[in-house]
Amino acid sequence: MDSIIIIFLTAIIALFAGMSANPLRPLIISIIGLLAAAILFLFQGQYQSPFVKYNILNFGKDELRFSLLCIGLTLTILIAGFDKVRKQKSNAADIMSLLMFSLCGALILIGFSDLSMFFLGLEILSIPLYVLAGSNKENLSSAEAAVKYFFTGSFFTCFLLLGIAFIYGATGTFDLQVMQQLISEGVYSRALLLVGVFLIAASLLFKVGAVPFHFWGPDVYQGSPDNVTAFMASVVKIAMLFTFYKFFSTIFADLFSFWSGLVYIAIVLSLFIGYLGALKQQYYKRLVAYSSITHSAFALFALLNNQSAAAADLFIFTIGYGFSVVALITVSMAGLNEEDKISNLKGIGRKYPIVGMLFVFALLSLTGIPPFTGFFGKTLLFYNVFTAYPLLVLFGLISTAIGGYFYLNLIFTSFSSDATATTIRLKTTHQLVLLLCGFFILSGWLIMLLPA
Amino acid sequence: MELIYIPLILGLLSFLIPASLVRHYGLIGSLALLGIVIAHAATFDPATTHYVLNPNKVFPLGLTFKMGYDGLGLLMLLLTNITLPLILLSNYNRDLARNNVFHALVFFMLFGLNGIFLSLDGMLFYVFWELTLVPILLILFLYGDKNNNPVLFRFFLFTFAGSLAMLMSFFALGRLAGSFDYEALLAVELSPQIATLVMVGFLLAFAVKIPLFPLHSWQPGTYTSSPMAGTMLLSAIMLKMALFGMIKWMIPLCVEVKELTVWTIMILSVIGIVYGAIVAIRQNDIKVLFAYASLSHLGIITAGISVFNVESLFGVSVQMLNHSLLSVGMFLVADILEQRLKSKNLSDMGGIAKLAPSFGFWFAVITLASVSVPFTAGFIGEFIIIYEVFNFDISMGLLSASTLVFGAVFMLRAFQISMFGFPKIDSFKDLTINELAVFLLLGAMILLLGLFPQLLKDFMEPCLNNIVNSINAKPE
């Protein structure tokens with residue numbers, strides 16, 4: 001709670017700092033604020049926080065890990081996007097602040113222990129994103145992305161609210177702990193609850209971009225400015241995935257037989273539609289969008305694992321996924337213009353070997369090749385549902401093989417020797433971010449070896 | 001452990017070495033690794049398993065991080081680390097000799113290979129198995145022919161899909177065993193249906209890498225479009241990890257369906273032996289010819305594996321070593337011809353033995369070694385294997401013995417067309433010092449192994465006994 005307030009205050013201070021002409025100031029303020037928030041999170045048990053008694057947010061061990069991951073990713077995105085943001089002089093601080101406001105929402109979503117906070121978190125997360133998606137005002141597709149995202153997003157928020165209403169009607173409480181107890185004791189109205197669960201599942205599937213609610217993804221990811229795309233694909237998705245996991249694996253755990261079928265179908269569809277859609281893409285961010293659909297499906301394997309604590313598996317997976325996606329979009333920031341053609345990446349790896357190497361790391365991690373974090377995350381998720389769903393794991397592996405094709409294609413493109421139209425503007429910030437991402441992609445999986 | 005981390009460190013350091021010195025660095029580094037392996041071998045008790053890492057703890061994902069070697073593992077380590085200096089030495093006066101990235105990739109690949117042979121944990125084995133794929137793919141992509149992307153896509157997708165099938169098998173085994181510890185995996189009792197599926201998973205991974213008959217289509221294109229060192233790494237070293245996987249992992253872990261496994265491999269191998277040889281006879285591109293020859297030679301080895309008794313596995317060990325040495329020799333010959341004639345086509349060659357007598361002599365040595373004349377290692381290996389295959393099944397034995405005839409036909413044909421006849425060119429530069437050194441070493445080792453196979457036998461027999469006994473002990 002304290003950390004969220006700090007981030008919120010930092011965002012407001014950054015807005016004021018934006019009055020000066022120098023966009024570096026809000027950036028430095030943001031970085032300091034985010035680091036302070038992260039440190040406060042680490043020491044949260046050591047002091048008496050004045051907000052504990054309200055019992056609306058609860059940051060246990062898993063919540064803490066995911067919060068730190070989201071803060072870290074936001075930090076890298078702020079640094080990576082700085083080069084483009086500084087050119088929009090008067091708006092630079094606005095964009096940074098909005099990203100941080102949105103991060104507040106993500107943290108509330110991760111830590112909520114009350115349905116009203118859940119809804120608040122979701123809105124705080126989403127509303128800045130609607131603005132951010134359209135923040136590139138000279139680009140028509142950015143406006144399209146904003147409108148599309150706003151309409152579909154608010155539509156599904158209605159479903160979510162309706163779902164919350166049904167759940168409240170079924171159990172008579174907003175408090176998650178009480179609700180979980182009531183459900184496990186069987187004190188609820190079954191019909192109302194199942195409708196509620198169904199509606200919430202639908203809206204959460206929409207938010208993580210899983211099939212059949214994935215249509216907004218490619219358009220919005222492509223139209224939005226790069227840093228917003230990176231934020232949506234990493235922080236927003238990770239927060240939503242964790243929320244999804246928390247909701248369904250803990251509170252609705254006793255209804256597993258009801259919703260597992262729905263999730264199973266969504267996973268199978270996403271596994272194939274995402275990667276098959278990515279196969280023939282000409283546009284880079286569209287490709288990232290399609291591949292992120294399938295990565296949502298991999299992450300949703302965690303929901304079907306009702307044997308062991310899957311949050312740790314999900315965490316390893318999201319480290320690999322989050323940092324890889326940020327690395328991919330950073331390459332797009334450095335190497336691609338508005339046109340966003342994949343062929344414009346030709347030869348980037350030969351011109352900048354270090355960038356090329358880190359790009360290859362990110363792609364291999366997404367493909368699922370050891371020793372990168374993506375492999376271990378995916379394998380953990382697969383391995384832990386294998387006994388219950390061997391066929392699903394088979395589908396997952398087939399889809400992985402399909403993904404190998406276009407990820408390899410990107411690797412070959414980036415190291416192609418006939419460099420055609422490479423207009424690469426590689427800045428120190430980009431290199432810094434790529435190195436940071438490369439570090440986590442290479443060594444993030446070591447976290448799983450730490451004693452629990 | 002030093003066999004794991006030293007290649008990694010060597011790989012990282014090679015970025016810092018000046019490009020003009022990196023070839024010396026690579027050779028010295030690989031010789032140092034060979035020294036370490038020999039030191040291990042000198043203090044090794046053949047009947048035991050020597051652990052180099054054993055944390056005695058199960059980590060998430062069922063990882064146990066157990067590493068160690070028995071006689072077979074040590075043989076593979078020796079084979080890999082003997083072949084690598086030879087490859088780097090053959091490469092000494094090629095373009096890649098002054099390339100830091102190439103040497104780094106080679107050492108990263110060696111890191112993975114040593115890891116494969118040391119792993120006593122299924123997931124670890126898989127991790128190292130996949131680790132070798134990336135460096136070799138980058139070597140082929142960065143330094144191979146410019147337009148070889150379709151070939152590499154095929155290579156990558158075949159091997160990657162095969163590996164994923166193996167991962168599925170490991171999942172099934174690991175879930176039943178509770179961890180990926182080799183001993184625990186061995187102890188699992190599988191139902192015949194599951195054992196069949198697990199076996200198919202392993203077979204797909206290994207059959208692609210070796211390659212066995214229907215999955216070999218990535219091979220000729222990849223061999224021809226690769227730089228010499230890449231081809232050598234693929235054929236002399238990378239194939240061996242699949243053979244090792246069959247002996248150490250696939251057959252012992254799926255012993256419940258041993259009959260099926262054995263017959264599948266046997267039939268595919270025999271098809272490969274005959275088919276590879278027949279295709280090789282008609283080839284004019286010397287690298288394609290050697291690729292199909294390799295398919296045929298490997299058929300013998302896999303047929304030997306499928307018999308799976310102590311004698312045949314000993315034959316397989318000799319033949320694996322022999323095949324690694326020969327591949328280096330054969331692809332060095334092919335590359336010398338290609339470099340100096342600017343052509344891989346047999347019809348452009350002729351009379352070279354007159355122009356370059358030393359090269360002609362060593363090509364003859366390689367040819368004779370590959371058709372397994374007595375006193376070469378191939379004679380020992382092939383003779384034992386074919387004898388055992390005869391005992392196993394007489395029709396299979398007859399078919400696999402055809403390799404002795406066919407092998408002689410395609411190798412001697414290539415030798416005759418290129419070396420004898422009327423010279424079609426004016427001059428042909430004879431062997432350089434490093435090439436001569438490679439051939440000398442190869443010849444010496446092949447002869448040594450052919451004359452004193454007992455050296456290897458004392459070393460391997462206790463371990464092979466253990467492997468075969470452990471399978472027979474388990475009820476089918």
# chains A, B, ... in the order shown; residues from 1 in each chain; ligands from 1

call {"tool": "residues_around", "arguments": {"residues": "Glu130 in chain B", "least_positions_apart": "2", "cutoff": "8 Å", "atoms": "only C-alpha atoms", "output": "list in words"}}
result
Ile369 and Pro370 of chain A; Tyr126, Val127, Phe128, Thr132, Leu133, Val134 and Ser163 of chain B

call {"tool": "write_last_selection", "arguments": {"atoms": "N, CA and C atoms", "output": "compact mmCIF listing (two decimals), in the first residue's frame"}}
result
# COMPACT_ATOMS: atom_id res chain seq x y z
N ILE A 369 14.06 -22.30 -25.70
CA ILE A 369 15.29 -23.08 -25.83
C ILE A 369 16.15 -22.80 -24.60
N PRO A 370 16.64 -23.85 -23.93
CA PRO A 370 17.50 -23.61 -22.78
C PRO A 370 18.79 -22.96 -23.22
N TYR B 126 18.38 -32.97 -21.37
CA TYR B 126 17.62 -32.25 -22.38
C TYR B 126 18.15 -30.83 -22.55
N VAL B 127 18.44 -30.18 -21.42
CA VAL B 127 18.92 -28.80 -21.48
C VAL B 127 20.21 -28.73 -22.30
N PHE B 128 21.15 -29.62 -22.00
CA PHE B 128 22.41 -29.60 -22.75
C PHE B 128 22.20 -29.99 -24.20
N THR B 132 23.30 -27.42 -27.53
CA THR B 132 24.23 -27.60 -28.63
C THR B 132 23.65 -27.11 -29.95
N LEU B 133 22.32 -27.05 -30.00
CA LEU B 133 21.68 -26.72 -31.28
C LEU B 133 21.96 -25.28 -31.71
N VAL B 134 21.92 -24.36 -30.74
CA VAL B 134 22.04 -22.95 -31.11
C VAL B 134 23.41 -22.61 -31.70
N SER B 163 13.41 -32.83 -30.68
CA SER B 163 13.74 -32.58 -29.28
C SER B 163 12.49 -32.43 -28.44

call {"tool": "select_by_dssp", "arguments": {"residues": "range 60-246 of chain B", "states": "strand (DSSP E or B)", "output": "VMD selection string"}}
result
chain B and resid 67 to 69 119 121 181

call {"tool": "atom_distance", "arguments": {"atom1": "CA of Gly209 in chain A", "atom2": "CA of Val235 in chain A"}}
result
13.2 Å

call {"tool": "interface_residues", "arguments": {"of": "chain B", "to": "chain A", "cutoff": "10 Å", "atoms": "only C-alpha atoms", "output": "PyMOL selection string"}}
result
chain B and resi 58-63+123-124+126-134+138+141-142+146+149+152-154+156-165+167-168+170-172+174-176

call {"tool": "write_last_selection", "arguments": {"atoms": "C-alpha atoms", "output": "PDB file, in the first residue's frame"}}
result
ATOM      1  CA  VAL B  58      15.521 -32.504  -5.794  1.00  0.00           C
ATOM      2  CA  PHE B  59      15.010 -28.973  -7.100  1.00  0.00           C
ATOM      3  CA  PRO B  60      11.809 -27.682  -8.731  1.00  0.00           C
ATOM      4  CA  LEU B  61      11.107 -29.272 -12.100  1.00  0.00           C
ATOM      5  CA  GLY B  62      12.486 -32.549 -10.706  1.00  0.00           C
ATOM      6  CA  LEU B  63      16.038 -31.413 -11.440  1.00  0.00           C
ATOM      7  CA  MET B 123      16.109 -32.702 -17.639  1.00  0.00           C
ATOM      8  CA  LEU B 124      19.746 -31.708 -17.523  1.00  0.00           C
ATOM      9  CA  TYR B 126      17.623 -32.250 -22.381  1.00  0.00           C
ATOM     10  CA  VAL B 127      18.923 -28.802 -21.481  1.00  0.00           C
ATOM     11  CA  PHE B 128      22.408 -29.603 -22.745  1.00  0.00           C
ATOM     12  CA  TRP B 129      20.976 -31.376 -25.765  1.00  0.00           C
ATOM     13  CA  GLU B 130      19.172 -28.213 -26.830  1.00  0.00           C
ATOM     14  CA  LEU B 131      22.121 -26.052 -25.906  1.00  0.00           C
ATOM     15  CA  THR B 132      24.233 -27.597 -28.634  1.00  0.00           C
ATOM     16  CA  LEU B 133      21.678 -26.723 -31.278  1.00  0.00           C
ATOM     17  CA  VAL B 134      22.038 -22.947 -31.112  1.00  0.00           C
ATOM     18  CA  LEU B 138      24.633 -19.996 -35.848  1.00  0.00           C
ATOM     19  CA  PHE B 141      24.008 -19.619 -40.703  1.00  0.00           C
ATOM     20  CA  LEU B 142      26.766 -17.055 -40.266  1.00  0.00           C
ATOM     21  CA  LYS B 146      24.553 -17.218 -48.387  1.00  0.00           C
ATOM     22  CA  ASN B 149      18.203 -20.317 -45.136  1.00  0.00           C
ATOM     23  CA  LEU B 152      18.673 -24.351 -42.129  1.00  0.00           C
ATOM     24  CA  PHE B 153      14.943 -23.942 -41.509  1.00  0.00           C
ATOM     25  CA  ARG B 154      14.532 -27.581 -42.331  1.00  0.00           C
ATOM     26  CA  PHE B 156      16.196 -26.489 -37.218  1.00  0.00           C
ATOM     27  CA  LEU B 157      12.576 -27.539 -37.442  1.00  0.00           C
ATOM     28  CA  PHE B 158      13.445 -31.230 -37.779  1.00  0.00           C
ATOM     29  CA  THR B 159      15.777 -31.208 -34.815  1.00  0.00           C
ATOM     30  CA  PHE B 160      13.621 -28.899 -32.715  1.00  0.00           C
ATOM     31  CA  ALA B 161      10.478 -30.941 -33.268  1.00  0.00           C
ATOM     32  CA  GLY B 162      12.429 -34.099 -32.483  1.00  0.00           C
ATOM     33  CA  SER B 163      13.743 -32.580 -29.284  1.00  0.00           C
ATOM     34  CA  LEU B 164      10.266 -31.549 -28.206  1.00  0.00           C
ATOM     35  CA  ALA B 165       9.094 -35.115 -28.706  1.00  0.00           C
ATOM     36  CA  LEU B 167      10.893 -33.582 -23.887  1.00  0.00           C
ATOM     37  CA  MET B 168       7.412 -35.090 -23.851  1.00  0.00           C
ATOM     38  CA  PHE B 170      10.977 -37.060 -20.330  1.00  0.00           C
ATOM     39  CA  PHE B 171       7.861 -35.440 -18.878  1.00  0.00           C
ATOM     40  CA  ALA B 172       6.122 -38.794 -18.791  1.00  0.00           C
ATOM     41  CA  GLY B 174       9.826 -37.757 -14.779  1.00  0.00           C
ATOM     42  CA  ARG B 175       6.242 -37.566 -13.591  1.00  0.00           C
ATOM     43  CA  LEU B 176       6.219 -41.290 -12.878  1.00  0.00           C
TER      44      LEU B 176
END

call {"tool": "select_by_dssp", "arguments": {"residues": "range 189-312 of chain A", "states": "alpha helix (DSSP H)", "output": "PyMOL selection string"}}
result
chain A and resi 190-208+216-223+226-231+237-246+256-279+284-304+311-312

call {"tool": "residues_around", "arguments": {"residues": "Gly121 in chain A", "least_positions_apart": "4", "cutoff": "12 Å", "atoms": "only C-alpha atoms", "output": "PyMOL selection string"}}
result
chain A and resi 4+56-57+101-117+125-128+157+236+239-240+243

call {"tool": "residues_around", "arguments": {"residues": "Lys148 in chain A", "least_positions_apart": "4", "cutoff": "7 Å", "atoms": "only C-alpha atoms", "output": "count of residues only"}}
result
3

call {"tool": "residues_around", "arguments": {"residues": "Gly172 in chain A", "least_positions_apart": "2", "cutoff": "12 Å", "atoms": "only C-alpha atoms", "output": "list in words"}}
result
Leu115, Ile164, Ala165, Phe166, Ile167, Tyr168, Gly169, Ala170, Phe174, Asp175, Leu176, Val178, Met179, Gln180, Leu182, Ile183, Val187, Tyr188, Ser189, Leu192 and Leu193 of chain A

call {"tool": "write_last_selection", "arguments": {"atoms": "N, CA, C and O atoms", "output": "tab-separated table (two decimals), in the first residue's frame"}}
result
chain	number	residue	atom	x	y	z
A	115	LEU	N	-13.24	-7.39	-3.62
A	115	LEU	CA	-13.70	-7.22	-5.00
A	115	LEU	C	-13.79	-5.77	-5.43
A	115	LEU	O	-13.55	-5.44	-6.60
A	164	ILE	N	-19.23	-9.39	-11.10
A	164	ILE	CA	-19.03	-9.08	-9.68
A	164	ILE	C	-20.38	-9.00	-8.98
A	164	ILE	O	-20.57	-9.52	-7.87
A	165	ALA	N	-21.34	-8.39	-9.68
A	165	ALA	CA	-22.68	-8.27	-9.08
A	165	ALA	C	-23.26	-9.65	-8.82
A	165	ALA	O	-23.82	-9.92	-7.74
A	166	PHE	N	-23.13	-10.54	-9.79
A	166	PHE	CA	-23.66	-11.89	-9.60
A	166	PHE	C	-22.99	-12.59	-8.43
A	166	PHE	O	-23.63	-13.27	-7.63
A	167	ILE	N	-21.66	-12.42	-8.37
A	167	ILE	CA	-20.94	-13.09	-7.29
A	167	ILE	C	-21.37	-12.54	-5.94
A	167	ILE	O	-21.58	-13.27	-4.98
A	168	TYR	N	-21.55	-11.22	-5.92
A	168	TYR	CA	-22.02	-10.61	-4.67
A	168	TYR	C	-23.40	-11.16	-4.32
A	168	TYR	O	-23.70	-11.49	-3.17
A	169	GLY	N	-24.20	-11.27	-5.34
A	169	GLY	CA	-25.54	-11.81	-5.11
A	169	GLY	C	-25.49	-13.24	-4.59
A	169	GLY	O	-26.28	-13.65	-3.74
A	170	ALA	N	-24.53	-14.00	-5.07
A	170	ALA	CA	-24.46	-15.41	-4.68
A	170	ALA	C	-23.91	-15.59	-3.28
A	170	ALA	O	-24.33	-16.49	-2.56
A	174	PHE	N	-17.94	-8.97	-0.43
A	174	PHE	CA	-16.88	-8.54	-1.33
A	174	PHE	C	-15.53	-9.08	-0.90
A	174	PHE	O	-14.59	-9.11	-1.67
A	175	ASP	N	-15.45	-9.46	0.35
A	175	ASP	CA	-14.15	-9.85	0.91
A	175	ASP	C	-13.76	-11.24	0.40
A	175	ASP	O	-14.52	-12.20	0.52
A	176	LEU	N	-12.55	-11.33	-0.15
A	176	LEU	CA	-12.19	-12.58	-0.81
A	176	LEU	C	-12.06	-13.75	0.16
A	176	LEU	O	-12.47	-14.86	-0.14
A	178	VAL	N	-13.55	-14.24	3.05
A	178	VAL	CA	-14.88	-14.68	3.47
A	178	VAL	C	-15.54	-15.45	2.33
A	178	VAL	O	-16.13	-16.51	2.51
A	179	MET	N	-15.36	-14.91	1.13
A	179	MET	CA	-15.99	-15.53	-0.04
A	179	MET	C	-15.46	-16.94	-0.25
A	179	MET	O	-16.22	-17.89	-0.46
A	180	GLN	N	-14.14	-17.06	-0.14
A	180	GLN	CA	-13.54	-18.37	-0.33
A	180	GLN	C	-14.07	-19.37	0.68
A	180	GLN	O	-14.38	-20.51	0.35
A	182	LEU	N	-16.96	-19.22	2.25
A	182	LEU	CA	-18.36	-19.53	1.94
A	182	LEU	C	-18.45	-20.55	0.81
A	182	LEU	O	-19.24	-21.50	0.87
A	183	ILE	N	-17.60	-20.35	-0.20
A	183	ILE	CA	-17.67	-21.26	-1.35
A	183	ILE	C	-17.25	-22.66	-0.94
A	183	ILE	O	-17.87	-23.65	-1.30
A	187	VAL	N	-21.93	-22.50	1.03
A	187	VAL	CA	-22.99	-21.56	1.39
A	187	VAL	C	-23.10	-20.50	0.29
A	187	VAL	O	-22.55	-19.42	0.40
A	188	TYR	N	-23.73	-20.81	-0.79
A	188	TYR	CA	-23.91	-19.83	-1.85
A	188	TYR	C	-25.02	-20.30	-2.76
A	188	TYR	O	-25.43	-21.46	-2.73
A	189	SER	N	-25.45	-19.37	-3.60
A	189	SER	CA	-26.47	-19.73	-4.58
A	189	SER	C	-25.73	-20.16	-5.85
A	189	SER	O	-25.05	-19.36	-6.50
A	192	LEU	N	-26.30	-18.38	-9.52
A	192	LEU	CA	-25.78	-17.01	-9.57
A	192	LEU	C	-24.25	-17.02	-9.62
A	192	LEU	O	-23.64	-16.31	-10.42
A	193	LEU	N	-23.65	-17.85	-8.79
A	193	LEU	CA	-22.20	-17.85	-8.72
A	193	LEU	C	-21.57	-18.31	-10.04
A	193	LEU	O	-20.61	-17.71	-10.52

call {"tool": "closest_residue", "arguments": {"among": "A:Met232, A:Ala145, A:Leu303, A:Ile238", "to": "Ile251 in chain A", "atoms": "only C-alpha atoms"}}
result
A:Leu303

call {"tool": "residues_around", "arguments": {"residues": "range 355-361 of chain B", "least_positions_apart": "5", "cutoff": "9 Å", "atoms": "only C-alpha atoms", "output": "PyMOL selection string"}}
result
chain B and resi 333+366+415+419+423+425-431+436

call {"tool": "write_last_selection", "arguments": {"atoms": "N, CA, C and O atoms", "output": "PDB file, in the first residue's frame"}}
result
ATOM      1  N   VAL B 333      39.117 -33.844 -46.933  1.00  0.00           N
ATOM      2  CA  VAL B 333      39.406 -34.148 -48.341  1.00  0.00           C
ATOM      3  C   VAL B 333      38.453 -33.373 -49.243  1.00  0.00           C
ATOM      4  O   VAL B 333      38.872 -32.714 -50.199  1.00  0.00           O
ATOM      5  N   ILE B 366      42.398 -42.649 -46.318  1.00  0.00           N
ATOM      6  CA  ILE B 366      41.047 -42.414 -45.799  1.00  0.00           C
ATOM      7  C   ILE B 366      40.063 -43.346 -46.494  1.00  0.00           C
ATOM      8  O   ILE B 366      39.192 -43.953 -45.861  1.00  0.00           O
ATOM      9  N   PHE B 415      37.317 -41.961 -55.345  1.00  0.00           N
ATOM     10  CA  PHE B 415      38.772 -41.846 -55.331  1.00  0.00           C
ATOM     11  C   PHE B 415      39.332 -41.941 -56.742  1.00  0.00           C
ATOM     12  O   PHE B 415      40.163 -41.136 -57.166  1.00  0.00           O
ATOM     13  N   MET B 419      41.237 -38.869 -58.510  1.00  0.00           N
ATOM     14  CA  MET B 419      42.685 -38.956 -58.368  1.00  0.00           C
ATOM     15  C   MET B 419      43.382 -39.450 -59.631  1.00  0.00           C
ATOM     16  O   MET B 419      44.493 -39.042 -59.941  1.00  0.00           O
ATOM     17  N   PRO B 423      44.691 -35.583 -66.155  1.00  0.00           N
ATOM     18  CA  PRO B 423      44.494 -34.359 -65.367  1.00  0.00           C
ATOM     19  C   PRO B 423      43.701 -33.322 -66.148  1.00  0.00           C
ATOM     20  O   PRO B 423      44.025 -33.037 -67.304  1.00  0.00           O
ATOM     21  N   ILE B 425      43.311 -30.303 -64.888  1.00  0.00           N
ATOM     22  CA  ILE B 425      43.800 -29.009 -64.416  1.00  0.00           C
ATOM     23  C   ILE B 425      45.312 -28.997 -64.501  1.00  0.00           C
ATOM     24  O   ILE B 425      45.956 -30.041 -64.613  1.00  0.00           O
ATOM     25  N   ASP B 426      45.898 -27.791 -64.431  1.00  0.00           N
ATOM     26  CA  ASP B 426      47.339 -27.686 -64.594  1.00  0.00           C
ATOM     27  C   ASP B 426      48.063 -27.916 -63.284  1.00  0.00           C
ATOM     28  O   ASP B 426      49.103 -28.565 -63.247  1.00  0.00           O
ATOM     29  N   SER B 427      47.543 -27.332 -62.226  1.00  0.00           N
ATOM     30  CA  SER B 427      48.285 -27.448 -60.968  1.00  0.00           C
ATOM     31  C   SER B 427      47.309 -27.652 -59.826  1.00  0.00           C
ATOM     32  O   SER B 427      46.150 -27.228 -59.882  1.00  0.00           O
ATOM     33  N   PHE B 428      47.778 -28.308 -58.805  1.00  0.00           N
ATOM     34  CA  PHE B 428      46.970 -28.536 -57.618  1.00  0.00           C
ATOM     35  C   PHE B 428      47.909 -28.438 -56.433  1.00  0.00           C
ATOM     36  O   PHE B 428      48.883 -29.180 -56.332  1.00  0.00           O
ATOM     37  N   LYS B 429      47.646 -27.477 -55.565  1.00  0.00           N
ATOM     38  CA  LYS B 429      48.542 -27.257 -54.434  1.00  0.00           C
ATOM     39  C   LYS B 429      48.468 -28.448 -53.495  1.00  0.00           C
ATOM     40  O   LYS B 429      47.393 -28.886 -53.106  1.00  0.00           O
ATOM     41  N   ASP B 430      49.628 -28.983 -53.149  1.00  0.00           N
ATOM     42  CA  ASP B 430      49.632 -30.164 -52.280  1.00  0.00           C
ATOM     43  C   ASP B 430      49.308 -29.754 -50.846  1.00  0.00           C
ATOM     44  O   ASP B 430      49.091 -28.586 -50.547  1.00  0.00           O
ATOM     45  N   LEU B 431      49.299 -30.746 -49.963  1.00  0.00           N
ATOM     46  CA  LEU B 431      48.862 -30.514 -48.581  1.00  0.00           C
ATOM     47  C   LEU B 431      49.723 -29.471 -47.891  1.00  0.00           C
ATOM     48  O   LEU B 431      50.939 -29.434 -48.063  1.00  0.00           O
ATOM     49  N   LEU B 436      48.500 -31.899 -43.419  1.00  0.00           N
ATOM     50  CA  LEU B 436      49.302 -33.111 -43.316  1.00  0.00           C
ATOM     51  C   LEU B 436      49.286 -33.637 -41.885  1.00  0.00           C
ATOM     52  O   LEU B 436      49.141 -34.845 -41.644  1.00  0.00           O
TER      53      LEU B 436
END

call {"tool": "atom_distance", "arguments": {"atom1": "CA of Asp94 in chain A", "atom2": "CA of Ser154 in chain A"}}
result
22.5 Å

call {"tool": "atom_distance", "arguments": {"atom1": "CA of Phe156 in chain A", "atom2": "CA of Ala202 in chain A"}}
result
8.1 Å

call {"tool": "residues_around", "arguments": {"residues": "Leu34 in chain A", "least_positions_apart": "5", "cutoff": "8 Å", "atoms": "only C-alpha atoms", "output": "PyMOL selection string"}}
result
chain A and resi 7+10+71+75

call {"tool": "closest_residue", "arguments": {"among": "A:Met1, A:Gln281, A:Gly349, A:Ser142", "to": "Glu63 in chain A", "atoms": "only C-alpha atoms"}}
result
A:Met1

call {"tool": "closest_residue", "arguments": {"among": "A:Ser343, A:Gln177, A:Asn337, A:Ser296", "to": "Tyr321 in chain A", "atoms": "only C-alpha atoms"}}
result
A:Ser296
